[in-house]
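Q: Just passing along the structure, written as structure tokens.
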Amino acid sequence: MNFVGKPVYNIWRERHIRFGVVMEEKLEGTWKYVRVDWKDDDAFEMDRERVTMLRNIEVDSKYDWYRVDKIKVFDPLKMVLTIGKVL
């Protein structure tokens, strides 16, 4: 499956939903990885910056890649319609 251009989400810290669009994909061994353009991701970015500052480390670009079993492809319109039913 080609993931480029697909809308995806990821659960961060067991309760925060991150939404984005896959920009790139690559194979490493038998695993496919994707790089995602996350939308409105300020909380994640602030936490990442805080952790790197506290640990006195540089951000490693390898953490910008997600193994495909860690993201979920979804249909945004279908999700919005379903959410609207619980309001």
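The way I read the labels, and the way they are meant: chains A, B, ... in the order of the structure tokens, residue 1 as the first residue of every chain, and ligand 1 as the first ligand shown, with later ones counted on from there.
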Would you list the contacts of region 49-64 of chain A as number ranges by chain, taking every protein, DNA or RNA residue within 10 Å and counting only C-alpha atoms, but skipping same-chain residues closer than 6 positions in sequence?

A: A: 33-37, 43

Q: Going by DSSP on the backbone, which residues of chain A come out as helix (DSSP H, G or I)? List them as an MDAnalysis selection string.

A: chainID A and resid 42:55 61:64 68:70 76:84

Q: Please compute the CA of Val4 (chain A)-CA of Glu45 (chain A) distance, one decimal, in Å.

A: 22.4 Å

Q: Determine which residues of chain A receive a DSSP assignment of strand (DSSP E or B), computed from the backbone, and state them as an MDAnalysis selection string.

A: chainID A and resid 7:12 16:28 31:39 65:67 72:73

Q: List the neighbours of Val68 (chain A) out to 12 Å using only C-alpha atoms; skip same-chain residues closer than 2 positions along the sequence, and give me the result as a VMD selection string.

A: chain A and resid 1 to 4 6 8 to 10 22 24 to 28 30 to 36 65 to 66 70 to 73
